[in-house]
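Source file: model32.txt; contents: compact mmCIF, C-alpha atoms and all ligand atoms.
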# COMPACT_ATOMS: atom_id res chain seq x y z
CA MET A 286 -82.86 74.84 99.58
CA ASN A 287 -83.28 75.13 103.32
CA THR A 288 -80.38 74.35 105.64
CA PHE A 289 -81.04 70.86 106.96
CA SER A 290 -79.87 69.60 110.32
CA ILE A 291 -80.31 66.98 112.99
CA ALA A 292 -79.47 66.73 116.70
CA ILE A 293 -79.75 63.67 118.94
CA HIS A 294 -79.31 62.92 122.63
CA GLY A 295 -78.74 59.77 124.66
CA GLY A 296 -79.68 61.25 128.02
CA ALA A 297 -78.45 63.95 130.39
CA GLY A 298 -77.11 61.55 132.99
CA THR A 299 -73.68 60.57 131.79
CA LEU A 300 -71.17 58.46 133.66
CA VAL A 301 -69.12 60.81 135.82
CA LYS A 302 -65.83 61.65 134.18
CA GLY A 303 -63.78 59.49 136.51
CA MET A 304 -65.80 56.37 135.66
CA MET A 305 -65.66 56.81 131.91
CA THR A 306 -62.97 54.66 130.34
CA PRO A 307 -61.58 55.44 126.86
CA GLU A 308 -63.19 52.20 125.59
CA LYS A 309 -66.60 53.09 126.98
CA GLU A 310 -66.36 56.60 125.64
CA LYS A 311 -65.54 55.22 122.21
CA GLU A 312 -68.55 52.91 122.40
CA TYR A 313 -70.88 55.81 123.24
CA ARG A 314 -69.43 58.01 120.52
CA THR A 315 -69.75 55.25 117.92
CA ALA A 316 -73.39 54.61 118.87
CA LEU A 317 -74.20 58.34 118.76
CA SER A 318 -72.49 58.77 115.37
CA TYR A 319 -74.33 55.78 113.95
CA ALA A 320 -77.71 57.19 115.02
CA LEU A 321 -76.82 60.68 113.79
CA ASP A 322 -75.72 59.39 110.38
CA GLY A 323 -78.90 57.35 109.96
CA GLY A 324 -81.04 60.45 110.40
CA TYR A 325 -78.75 62.76 108.45
CA LYS A 326 -78.69 60.48 105.38
CA ILE A 327 -82.47 60.63 105.21
CA LEU A 328 -82.37 64.44 105.29
CA GLU A 329 -79.56 64.54 102.72
CA SER A 330 -81.53 62.44 100.27
CA GLY A 331 -84.57 64.72 100.61
CA GLY A 332 -86.46 62.71 103.22
CA THR A 333 -88.70 64.27 105.86
CA ALA A 334 -87.67 65.44 109.32
CA THR A 335 -90.21 62.98 110.76
CA ASP A 336 -88.56 60.03 109.01
CA ALA A 337 -85.13 61.27 110.10
CA VAL A 338 -85.99 61.54 113.81
CA GLU A 339 -87.71 58.15 113.80
CA GLU A 340 -84.67 56.47 112.22
CA ALA A 341 -82.19 58.15 114.58
CA VAL A 342 -84.23 57.19 117.65
CA LYS A 343 -84.68 53.61 116.40
CA ARG A 344 -80.91 53.27 116.18
CA LEU A 345 -80.52 54.59 119.72
CA GLU A 346 -83.24 52.22 120.93
CA ASP A 347 -81.36 49.33 119.33
CA SER A 348 -78.23 50.14 121.35
CA HIS A 349 -77.95 48.63 124.84
CA LEU A 350 -76.06 51.73 126.01
CA PHE A 351 -79.10 53.96 126.33
CA ASN A 352 -82.21 53.75 128.47
CA ALA A 353 -84.69 53.16 125.64
CA GLY A 354 -85.71 50.01 123.78
CA LYS A 355 -82.90 47.51 124.33
CA GLY A 356 -81.12 48.44 127.57
CA SER A 357 -84.16 50.06 129.19
CA VAL A 358 -84.06 50.38 132.98
CA PHE A 359 -85.92 47.96 135.26
CA THR A 360 -89.19 48.74 137.01
CA ALA A 361 -89.81 47.77 140.66
CA ALA A 362 -91.27 44.49 139.33
CA GLU A 363 -88.04 43.76 137.39
CA THR A 364 -89.79 44.36 134.07
CA HIS A 365 -89.43 47.03 131.41
CA GLU A 366 -92.09 49.66 130.74
CA MET A 367 -91.28 52.00 127.93
CA ASP A 368 -92.65 55.35 126.74
CA ALA A 369 -92.16 57.17 123.43
CA SER A 370 -93.52 60.05 121.38
CA ILE A 371 -93.10 61.75 118.02
CA MET A 372 -94.39 65.05 116.62
CA ASP A 373 -94.46 66.52 113.13
CA GLY A 374 -93.94 70.30 113.22
CA GLU A 375 -95.52 70.89 109.81
CA THR A 376 -98.93 69.38 110.58
CA LEU A 377 -98.77 69.39 114.41
CA ASN A 378 -99.72 65.72 114.24
CA ALA A 379 -98.36 63.68 117.12
CA GLY A 380 -98.29 60.14 118.44
CA ALA A 381 -97.34 58.75 121.84
CA VAL A 382 -97.30 55.47 123.76
CA SER A 383 -96.60 54.63 127.35
CA LEU A 384 -96.42 51.65 129.70
CA ILE A 385 -95.59 49.28 126.85
CA SER A 386 -93.47 46.13 127.16
CA GLY A 387 -91.64 43.92 124.72
CA ILE A 388 -91.87 46.31 121.77
CA LYS A 389 -88.51 46.49 119.97
CA ASN A 390 -88.96 50.05 118.73
CA PRO A 391 -91.38 52.13 120.82
CA VAL A 392 -90.79 55.22 118.65
CA SER A 393 -92.17 53.39 115.60
CA LEU A 394 -95.24 52.45 117.58
CA ALA A 395 -95.70 56.14 118.48
CA ARG A 396 -95.29 56.93 114.78
CA ASP A 397 -98.06 54.47 113.91
CA VAL A 398 -100.32 55.99 116.55
CA MET A 399 -99.76 59.31 114.76
CA ASP A 400 -100.18 57.97 111.21
CA LYS A 401 -102.63 55.09 111.54
CA SER A 402 -104.93 55.91 114.45
CA GLU A 403 -107.30 58.73 115.22
CA HIS A 404 -105.69 59.21 118.59
CA VAL A 405 -102.59 60.86 119.96
CA PHE A 406 -101.75 58.83 123.07
CA LEU A 407 -102.22 55.09 123.71
CA ALA A 408 -101.15 53.43 126.95
CA GLY A 409 -100.71 49.98 128.47
CA GLU A 410 -102.79 47.06 127.24
CA GLY A 411 -104.55 49.09 124.58
CA ALA A 412 -101.24 50.28 123.15
CA MET A 413 -100.05 46.66 123.11
CA GLU A 414 -103.18 45.56 121.25
CA PHE A 415 -102.64 48.35 118.72
CA ALA A 416 -99.03 47.21 118.34
CA LYS A 417 -100.16 43.65 117.59
CA ASN A 418 -102.71 44.86 115.04
CA ASN A 419 -99.98 46.81 113.32
CA GLU A 420 -97.46 43.98 113.42
CA HIS A 421 -94.81 45.59 115.56
CA ALA A 422 -91.76 43.46 116.30
CA LEU A 423 -91.83 41.94 119.77
CA GLU A 424 -88.80 40.80 121.74
CA ASN A 425 -88.57 38.74 124.93
CA ALA A 426 -87.11 39.96 128.22
CA ASP A 427 -83.60 38.72 127.35
CA TYR A 428 -83.40 41.14 124.47
CA PHE A 429 -83.96 44.15 126.75
CA TYR A 430 -81.65 42.92 129.52
CA ASP A 431 -78.51 44.91 130.22
CA GLU A 432 -76.19 43.97 133.10
CA PHE A 433 -75.43 47.57 134.05
CA ARG A 434 -79.13 48.50 134.19
CA HIS A 435 -79.89 45.37 136.20
CA GLN A 436 -77.18 46.23 138.70
CA GLN A 437 -78.62 49.74 139.10
CA TRP A 438 -81.96 48.13 139.93
CA VAL A 439 -80.49 45.54 142.34
CA GLU A 440 -79.00 48.38 144.38
CA ILE A 441 -82.36 50.03 145.04
CA LYS A 442 -84.94 47.26 144.66
CA ASP A 443 -87.22 46.73 147.66
CA THR A 444 -86.82 50.39 148.58
CA ASP A 445 -89.12 53.27 147.84
CA SER A 446 -86.48 55.17 145.97
CA PHE A 447 -86.32 55.29 142.25
CA GLN A 448 -83.40 56.40 140.19
CA LEU A 449 -84.05 60.11 140.76
CA ASP A 450 -82.81 59.68 144.33
CA HIS A 451 -79.84 57.69 143.31
CA ALA A 452 -76.35 58.84 144.21
CA LYS A 453 -75.25 61.46 141.75
CA LYS A 454 -71.66 60.44 141.77
CA LYS A 455 -72.25 57.05 140.33
CA ASP A 456 -73.99 56.74 137.19
CA SER A 457 -76.14 57.48 134.27
CA LYS A 458 -79.36 58.67 135.83
CA PHE A 459 -81.09 59.80 132.69
CA GLY A 460 -80.54 57.72 129.59
CA THR A 461 -83.58 58.67 127.58
CA VAL A 462 -82.95 59.17 123.86
CA GLY A 463 -84.28 61.72 121.42
CA ALA A 464 -83.84 63.41 118.07
CA VAL A 465 -84.92 66.66 116.46
CA ALA A 466 -84.47 67.52 112.79
CA CYS A 467 -85.09 70.15 110.12
CA ASP A 468 -85.42 68.90 106.53
CA LYS A 469 -84.69 70.47 103.13
CA ASN A 470 -88.23 71.86 102.99
CA GLY A 471 -87.88 73.62 106.33
CA ASN A 472 -90.15 71.19 108.16
CA ILE A 473 -89.14 70.11 111.64
CA ALA A 474 -89.93 67.13 113.91
CA ALA A 475 -89.06 65.70 117.31
CA ALA A 476 -89.01 62.17 118.78
CA THR A 477 -88.24 60.90 122.30
CA SER A 478 -88.06 57.39 123.76
CA THR A 479 -87.31 56.05 127.24
CA GLY A 480 -87.40 53.19 129.70
CA GLY A 481 -88.15 55.83 132.37
CA MET A 482 -86.70 55.63 135.88
CA THR A 483 -85.11 52.60 137.57
CA ASN A 484 -87.39 50.96 140.16
CA LYS A 485 -90.43 53.00 139.08
CA LYS A 486 -93.80 51.68 140.20
CA PHE A 487 -97.54 52.45 140.24
CA GLY A 488 -97.55 52.85 136.44
CA ARG A 489 -95.27 55.87 136.68
CA VAL A 490 -95.04 57.84 133.44
CA GLY A 491 -92.47 60.57 132.85
CA ASP A 492 -92.28 63.51 130.50
CA SER A 493 -90.92 61.66 127.46
CA PRO A 494 -94.25 60.57 125.93
CA MET A 495 -96.07 63.76 126.93
CA ILE A 496 -96.50 66.18 124.06
CA GLY A 497 -95.41 69.61 125.30
CA ALA A 498 -93.44 68.28 128.28
CA GLY A 499 -90.70 65.99 126.94
CA ASN A 500 -91.36 66.38 123.23
CA TYR A 501 -92.77 69.06 120.93
CA ALA A 502 -92.52 70.32 117.35
CA ASN A 503 -94.04 73.26 115.52
CA ASN A 504 -92.54 74.74 112.32
CA GLU A 505 -93.39 78.22 113.62
CA THR A 506 -91.14 77.91 116.65
CA CYS A 507 -89.00 74.82 117.26
CA ALA A 508 -88.71 71.06 117.70
CA VAL A 509 -87.59 69.92 121.16
CA SER A 510 -86.68 66.60 122.82
CA CYS A 511 -85.93 66.56 126.56
CA THR A 512 -84.11 64.37 129.05
CA GLY A 513 -84.03 64.73 132.80
CA SER A 514 -86.09 64.41 135.95
CA GLY A 515 -89.45 63.80 134.27
CA GLU A 516 -91.64 64.94 137.17
CA TYR A 517 -90.13 68.43 136.93
CA PHE A 518 -90.17 68.49 133.15
CA ILE A 519 -93.90 67.69 133.22
CA ARG A 520 -94.63 70.46 135.71
CA GLY A 521 -92.48 72.90 133.74
CA VAL A 522 -94.12 71.90 130.42
CA VAL A 523 -90.55 72.25 129.26
CA ALA A 524 -90.63 71.53 125.53
CA TYR A 525 -93.62 73.79 124.97
CA ASP A 526 -92.17 76.46 127.23
CA VAL A 527 -89.18 76.79 124.89
CA ALA A 528 -91.62 77.24 121.98
CA CYS A 529 -93.63 79.81 123.98
CA LEU A 530 -90.60 81.96 124.73
CA ILE A 531 -89.79 82.01 121.01
CA GLU A 532 -93.37 82.78 119.99
CA HIS A 533 -94.37 85.29 122.63
CA LYS A 534 -91.10 86.83 123.73
CA GLU A 535 -89.41 86.58 120.33
CA MET A 536 -86.38 84.97 121.89
CA SER A 537 -83.80 83.17 119.75
CA LEU A 538 -83.81 79.36 119.81
CA ALA A 539 -80.61 79.22 121.88
CA ASP A 540 -81.72 81.91 124.38
CA ALA A 541 -85.13 80.32 124.91
CA ALA A 542 -83.63 76.87 125.49
CA VAL A 543 -81.05 78.19 127.97
CA GLU A 544 -83.68 80.21 129.84
CA VAL A 545 -85.74 77.06 130.36
CA ILE A 546 -82.92 74.64 131.19
CA SER A 547 -80.59 76.91 133.16
CA SER A 548 -83.20 78.94 134.98
CA ARG A 549 -86.83 77.76 134.94
CA VAL A 550 -86.29 73.99 135.36
CA LEU A 551 -83.56 74.55 137.93
CA LYS A 552 -85.86 76.82 139.96
CA LEU A 553 -88.43 74.02 140.04
CA GLY A 554 -85.72 71.66 141.29
CA GLY A 555 -85.26 69.63 138.12
CA ASP A 556 -82.12 68.65 136.28
CA GLY A 557 -81.52 67.57 132.72
CA GLY A 558 -81.22 68.99 129.25
CA LEU A 559 -82.76 69.23 125.83
CA ILE A 560 -81.96 69.38 122.14
CA ALA A 561 -83.80 71.72 119.78
CA VAL A 562 -83.84 72.87 116.16
CA ASN A 563 -85.88 75.46 114.28
CA ALA A 564 -87.08 75.71 110.68
CA LYS A 565 -83.92 77.62 109.74
CA GLY A 566 -81.94 74.54 110.68
CA GLU A 567 -80.37 76.15 113.77
CA ILE A 568 -79.45 73.77 116.59
CA THR A 569 -79.04 74.13 120.36
CA MET A 570 -78.28 71.48 123.00
CA PRO A 571 -78.22 72.98 126.57
CA PHE A 572 -78.10 70.93 129.80
CA ASN A 573 -77.62 71.66 133.51
CA THR A 574 -76.03 68.31 134.42
CA GLU A 575 -72.38 67.28 134.25
CA GLY A 576 -72.86 65.96 130.77
CA MET A 577 -75.36 64.90 128.13
CA TYR A 578 -74.72 62.32 125.44
CA ARG A 579 -75.36 64.38 122.32
CA ALA A 580 -74.49 64.90 118.69
CA CYS A 581 -75.52 67.13 115.82
CA LYS A 582 -74.86 67.65 112.13
CA SER A 583 -76.00 70.28 109.69
CA SER A 584 -75.69 70.96 105.94
CA THR A 585 -73.71 74.09 106.86
CA GLY A 586 -70.85 71.84 107.96
CA VAL A 587 -71.50 71.84 111.71
CA GLN A 588 -70.73 68.44 113.21
CA GLU A 589 -70.33 67.50 116.87
CA VAL A 590 -70.38 64.38 119.05
CA SER A 591 -69.98 65.28 122.75
CA ILE A 592 -70.52 63.91 126.23
CA TYR A 593 -69.30 66.45 128.79
CA LYS A 594 -69.44 70.26 128.94
N1 LIG B 1 -87.15 62.07 131.39
C1 LIG B 1 -87.14 60.66 131.60
C2 LIG B 1 -88.26 60.26 132.52
O1 LIG B 1 -88.52 60.98 133.46
C3 LIG B 1 -85.85 60.16 132.16
C4 LIG B 1 -84.64 60.47 131.33
O2 LIG B 1 -84.54 61.55 130.74
O3 LIG B 1 -83.77 59.61 131.26
O4 LIG B 1 -88.85 59.22 132.32

Would you mind writing the file out in structure tokens?
Amino acid sequence: MNTFSIAIHGGAGTLVKGMMTPEKEKEYRTALSYALDGGYKILESGGTATDAVEEAVKRLEDSHLFNAGKGSVFTAAETHEMDASIMDGETLNAGAVSLISGIKNPVSLARDVMDKSEHVFLAGEGAMEFAKNNEHALENADYFYDEFRHQQWVEIKDTDSFQLDHAKKKDSKFGTVGAVACDKNGNIAAATSTGGMTNKKFGRVGDSPMIGAGNYANNETCAVSCTGSGEYFIRGVVAYDVACLIEHKEMSLADAAVEVISSRVLKLGGDGGLIAVNAKGEITMPFNTEGMYRACKSSTGVQEVSIYK
């Protein structure tokens, strides 16, 4: 039997250490553990990596603490526009959605795009129509509302800045969520979901739903889910770049991920992190920010729930 493993993240923009209270930290850790366990149990009972990453991300979307699903950040129009993607490393099938509103679990909509449509990426109204046809749960604006996220928006609304420009000292800039997993059969998968950037406008889409940028999986190399300044992660084709270094330079999973996060993305001017696994069940979770909400668990006994370096 193959080593099986899962890693999750809740974004690379943590509260700065001074603002994190013991109660808040406990809340984050509990939410991360709950999502991790949901995915791990699926792997333990012989389920697929794709099912495991979807379940873990759904649980993170259902928590108001992270910028995905419930608790998503506000756009310039005081609405929520969410993006998500999923990729199966065995078949290289993928599904993605962007600019969707009111969908409880965007990752499951991305999954349906992968499984039930002939397309890879659906956006906006069309994605919403597809969601209705496939009976996806809808929620009203109250469900997605989070006081902390609203406050972040109030501070920069009516300006041209979006959360990327926001003061570093204050807050959780990047709260995107993601999961990567390797199952008992050595198949891997990745899923990513986000509300994007606070005060975004013009239909802005980040890296999270873009296959190869914020999310990628291929059994031959690795499964990757990213979080960070999406504009830079798109230009760096970050998730695929990690896979390329493994494939063409024969780098290890950990070395390839560090090279991209600690050197290539930084050189472009971007900040953030990623989680990755390979078909041997190895895990790596590098970031170049002060912290990244993250957790991992493997059948070899590895288990970690961490926030800061
Ligand atoms: N990468 C996401 C985006 O640009 C933001 C995040 O990681 O929180 O939409």

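Using all atoms listed in the file as the basis for the distance check, residues found within 7 Å of ligand LIG 1 (chain B) are Gly296, Ala297, Asn352, Lys458, Phe459, Gly460, Thr461, Thr479, Gly480, Gly481, Met482, Val490, Gly491, Asp492, Ser493, Gly499, Cys511, Thr512, Gly513, Ser514, Gly515 and Glu516 of chain A.
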
Next item on the list: Using all atoms listed in the file, pick whichever of A:Thr569, A:Ser547, A:Thr444, A:Ala379 has the shortest atom-to-atom distance to Pro494 in chain A.
Entry: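 Comparing A:Thr569, A:Ser547, A:Thr444, A:Ala379 against Pro494 in chain A, the winner is A:Ala379.
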
Check: What does the distance from CA of Thr585 in chain A to CA of Ala320 in chain A come to in Å, to one decimal?
Finding: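 So the two atoms, CA of Thr585 in chain A and CA of Ala320 in chain A, lie 19.2 Å apart.
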
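For the pair CA of Ser290 in chain A and CA of Val522 in chain A, the separation is 24.7 Å.
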
Range 480-569 of chain A near range 415-438 of chain A within 10 Å: what's each residue's closest atom pair and its distance in Å to one decimal, counting all atoms listed in the file, ordered by chain then ascending residue number, as a Markdown table?
| residue | atom | partner | partner_atom | distance |
| --- | --- | --- | --- | --- |
| A:Met482 | CA | A:Trp438 | CA | 9.8 |
| A:Thr483 | CA | A:Trp438 | CA | 6.0 |
| A:Asn484 | CA | A:Trp438 | CA | 6.1 |
| A:Lys485 | CA | A:Trp438 | CA | 9.8 |

Check: Rounded to one decimal in Å, what is the spacing between CA of Ser510 in chain A and CA of Val462 in chain A?
Finding: 8.4 Å

Next item on the list: Could you tell me which of A:Thr306, A:Thr299, A:Ser330, A:Ser446 comes closest to Tyr593 in chain A if we count all atoms listed in the file?
Entry: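 Result for the nearest residue to Tyr593 in chain A: A:Thr299.
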
Note to self: For Gly354 in chain A, find every residue with an atom within 7 Å (counting all atoms listed in the file), except residues of its own chain fewer than 3 positions away, and show them as an MDAnalysis selection string.
What the structure shows: chainID A and resid 346:347 357 389:391 429 480

Margin query: Show me, as JSON, numbers by chain, the residues that have an atom within 8 Å of range 363-377 of chain A when counting all atoms listed in the file, minus same-chain residues fewer than 2 positions from it.
Written below: {"A": [334, 335, 339, 353, 354, 357, 358, 359, 360, 361, 379, 380, 381, 382, 383, 384, 385, 386, 387, 391, 392, 395, 396, 399, 426, 429, 438, 472, 473, 474, 475, 476, 477, 478, 479, 480, 481, 484, 490, 493, 494, 495, 496, 500, 501, 502, 503, 504, 505, 507, 508]}

Reconstruct N, CA, C and O atoms of range 568-591 of chain A; output as an mmCIF file, in the coordinates of the input.
data_model
loop_
_atom_site.group_PDB
_atom_site.id
_atom_site.type_symbol
_atom_site.label_atom_id
_atom_site.label_comp_id
_atom_site.auth_asym_id
_atom_site.auth_seq_id
_atom_site.Cartn_x
_atom_site.Cartn_y
_atom_site.Cartn_z
ATOM 1 N N ILE A 568 -79.464 74.848 115.584
ATOM 2 C CA ILE A 568 -79.450 73.770 116.590
ATOM 3 C C ILE A 568 -78.998 74.341 117.937
ATOM 4 O O ILE A 568 -78.085 75.170 117.988
ATOM 5 N N THR A 569 -79.593 73.832 119.039
ATOM 6 C CA THR A 569 -79.040 74.130 120.360
ATOM 7 C C THR A 569 -79.195 72.894 121.248
ATOM 8 O O THR A 569 -80.127 72.112 121.060
ATOM 9 N N MET A 570 -78.258 72.707 122.186
ATOM 10 C CA MET A 570 -78.280 71.480 123.000
ATOM 11 C C MET A 570 -77.857 71.785 124.458
ATOM 12 O O MET A 570 -76.869 71.272 124.947
ATOM 13 N N PRO A 571 -78.616 72.625 125.198
ATOM 14 C CA PRO A 571 -78.220 72.980 126.570
ATOM 15 C C PRO A 571 -78.562 71.897 127.600
ATOM 16 O O PRO A 571 -79.508 71.134 127.403
ATOM 17 N N PHE A 572 -77.801 71.856 128.693
ATOM 18 C CA PHE A 572 -78.100 70.930 129.800
ATOM 19 C C PHE A 572 -77.543 71.527 131.080
ATOM 20 O O PHE A 572 -76.638 72.365 131.044
ATOM 21 N N ASN A 573 -78.106 71.126 132.228
ATOM 22 C CA ASN A 573 -77.620 71.660 133.510
ATOM 23 C C ASN A 573 -77.011 70.561 134.369
ATOM 24 O O ASN A 573 -76.875 70.719 135.581
ATOM 25 N N THR A 574 -76.677 69.441 133.745
ATOM 26 C CA THR A 574 -76.030 68.310 134.420
ATOM 27 C C THR A 574 -74.556 68.303 134.039
ATOM 28 O O THR A 574 -74.118 69.145 133.242
ATOM 29 N N GLU A 575 -73.815 67.303 134.563
ATOM 30 C CA GLU A 575 -72.380 67.280 134.250
ATOM 31 C C GLU A 575 -72.133 67.022 132.767
ATOM 32 O O GLU A 575 -71.176 67.504 132.168
ATOM 33 N N GLY A 576 -73.007 66.247 132.192
ATOM 34 C CA GLY A 576 -72.860 65.960 130.770
ATOM 35 C C GLY A 576 -74.183 65.592 130.151
ATOM 36 O O GLY A 576 -75.211 65.497 130.837
ATOM 37 N N MET A 577 -74.179 65.426 128.844
ATOM 38 C CA MET A 577 -75.360 64.900 128.130
ATOM 39 C C MET A 577 -74.806 64.253 126.863
ATOM 40 O O MET A 577 -74.077 64.896 126.109
ATOM 41 N N TYR A 578 -75.131 62.974 126.676
ATOM 42 C CA TYR A 578 -74.720 62.320 125.440
ATOM 43 C C TYR A 578 -75.450 63.039 124.313
ATOM 44 O O TYR A 578 -76.681 63.094 124.304
ATOM 45 N N ARG A 579 -74.693 63.586 123.357
ATOM 46 C CA ARG A 579 -75.360 64.380 122.320
ATOM 47 C C ARG A 579 -74.539 64.447 121.048
ATOM 48 O O ARG A 579 -73.314 64.259 121.089
ATOM 49 N N ALA A 580 -75.186 64.757 119.962
ATOM 50 C CA ALA A 580 -74.490 64.900 118.690
ATOM 51 C C ALA A 580 -75.364 65.703 117.745
ATOM 52 O O ALA A 580 -76.593 65.722 117.891
ATOM 53 N N CYS A 581 -74.738 66.405 116.811
ATOM 54 C CA CYS A 581 -75.520 67.130 115.820
ATOM 55 C C CYS A 581 -74.741 67.265 114.518
ATOM 56 O O CYS A 581 -73.515 67.144 114.493
ATOM 57 N N LYS A 582 -75.470 67.504 113.453
ATOM 58 C CA LYS A 582 -74.860 67.650 112.130
ATOM 59 C C LYS A 582 -75.793 68.496 111.285
ATOM 60 O O LYS A 582 -77.005 68.328 111.336
ATOM 61 N N SER A 583 -75.182 69.411 110.509
ATOM 62 C CA SER A 583 -76.000 70.280 109.690
ATOM 63 C C SER A 583 -75.375 70.435 108.310
ATOM 64 O O SER A 583 -74.162 70.253 108.141
ATOM 65 N N SER A 584 -76.200 70.792 107.314
ATOM 66 C CA SER A 584 -75.690 70.960 105.940
ATOM 67 C C SER A 584 -74.753 72.148 105.833
ATOM 68 O O SER A 584 -74.091 72.332 104.819
ATOM 69 N N THR A 585 -74.660 72.974 106.878
ATOM 70 C CA THR A 585 -73.710 74.090 106.860
ATOM 71 C C THR A 585 -72.307 73.634 107.248
ATOM 72 O O THR A 585 -71.368 74.420 107.263
ATOM 73 N N GLY A 586 -72.179 72.365 107.611
ATOM 74 C CA GLY A 586 -70.850 71.840 107.960
ATOM 75 C C GLY A 586 -70.642 71.623 109.443
ATOM 76 O O GLY A 586 -69.651 71.037 109.866
ATOM 77 N N VAL A 587 -71.601 72.072 110.258
ATOM 78 C CA VAL A 587 -71.500 71.840 111.710
ATOM 79 C C VAL A 587 -71.552 70.337 111.973
ATOM 80 O O VAL A 587 -72.367 69.622 111.387
ATOM 81 N N GLN A 588 -70.659 69.840 112.816
ATOM 82 C CA GLN A 588 -70.730 68.440 113.210
ATOM 83 C C GLN A 588 -70.121 68.302 114.589
ATOM 84 O O GLN A 588 -69.015 68.803 114.841
ATOM 85 N N GLU A 589 -70.819 67.614 115.506
ATOM 86 C CA GLU A 589 -70.330 67.500 116.870
ATOM 87 C C GLU A 589 -70.839 66.195 117.491
ATOM 88 O O GLU A 589 -71.973 65.804 117.274
ATOM 89 N N VAL A 590 -69.962 65.522 118.213
ATOM 90 C CA VAL A 590 -70.380 64.380 119.050
ATOM 91 C C VAL A 590 -69.734 64.656 120.409
ATOM 92 O O VAL A 590 -68.507 64.724 120.508
ATOM 93 N N SER A 591 -70.537 64.882 121.457
ATOM 94 C CA SER A 591 -69.980 65.280 122.750
ATOM 95 C C SER A 591 -70.659 64.561 123.905
ATOM 96 O O SER A 591 -71.804 64.116 123.777
#
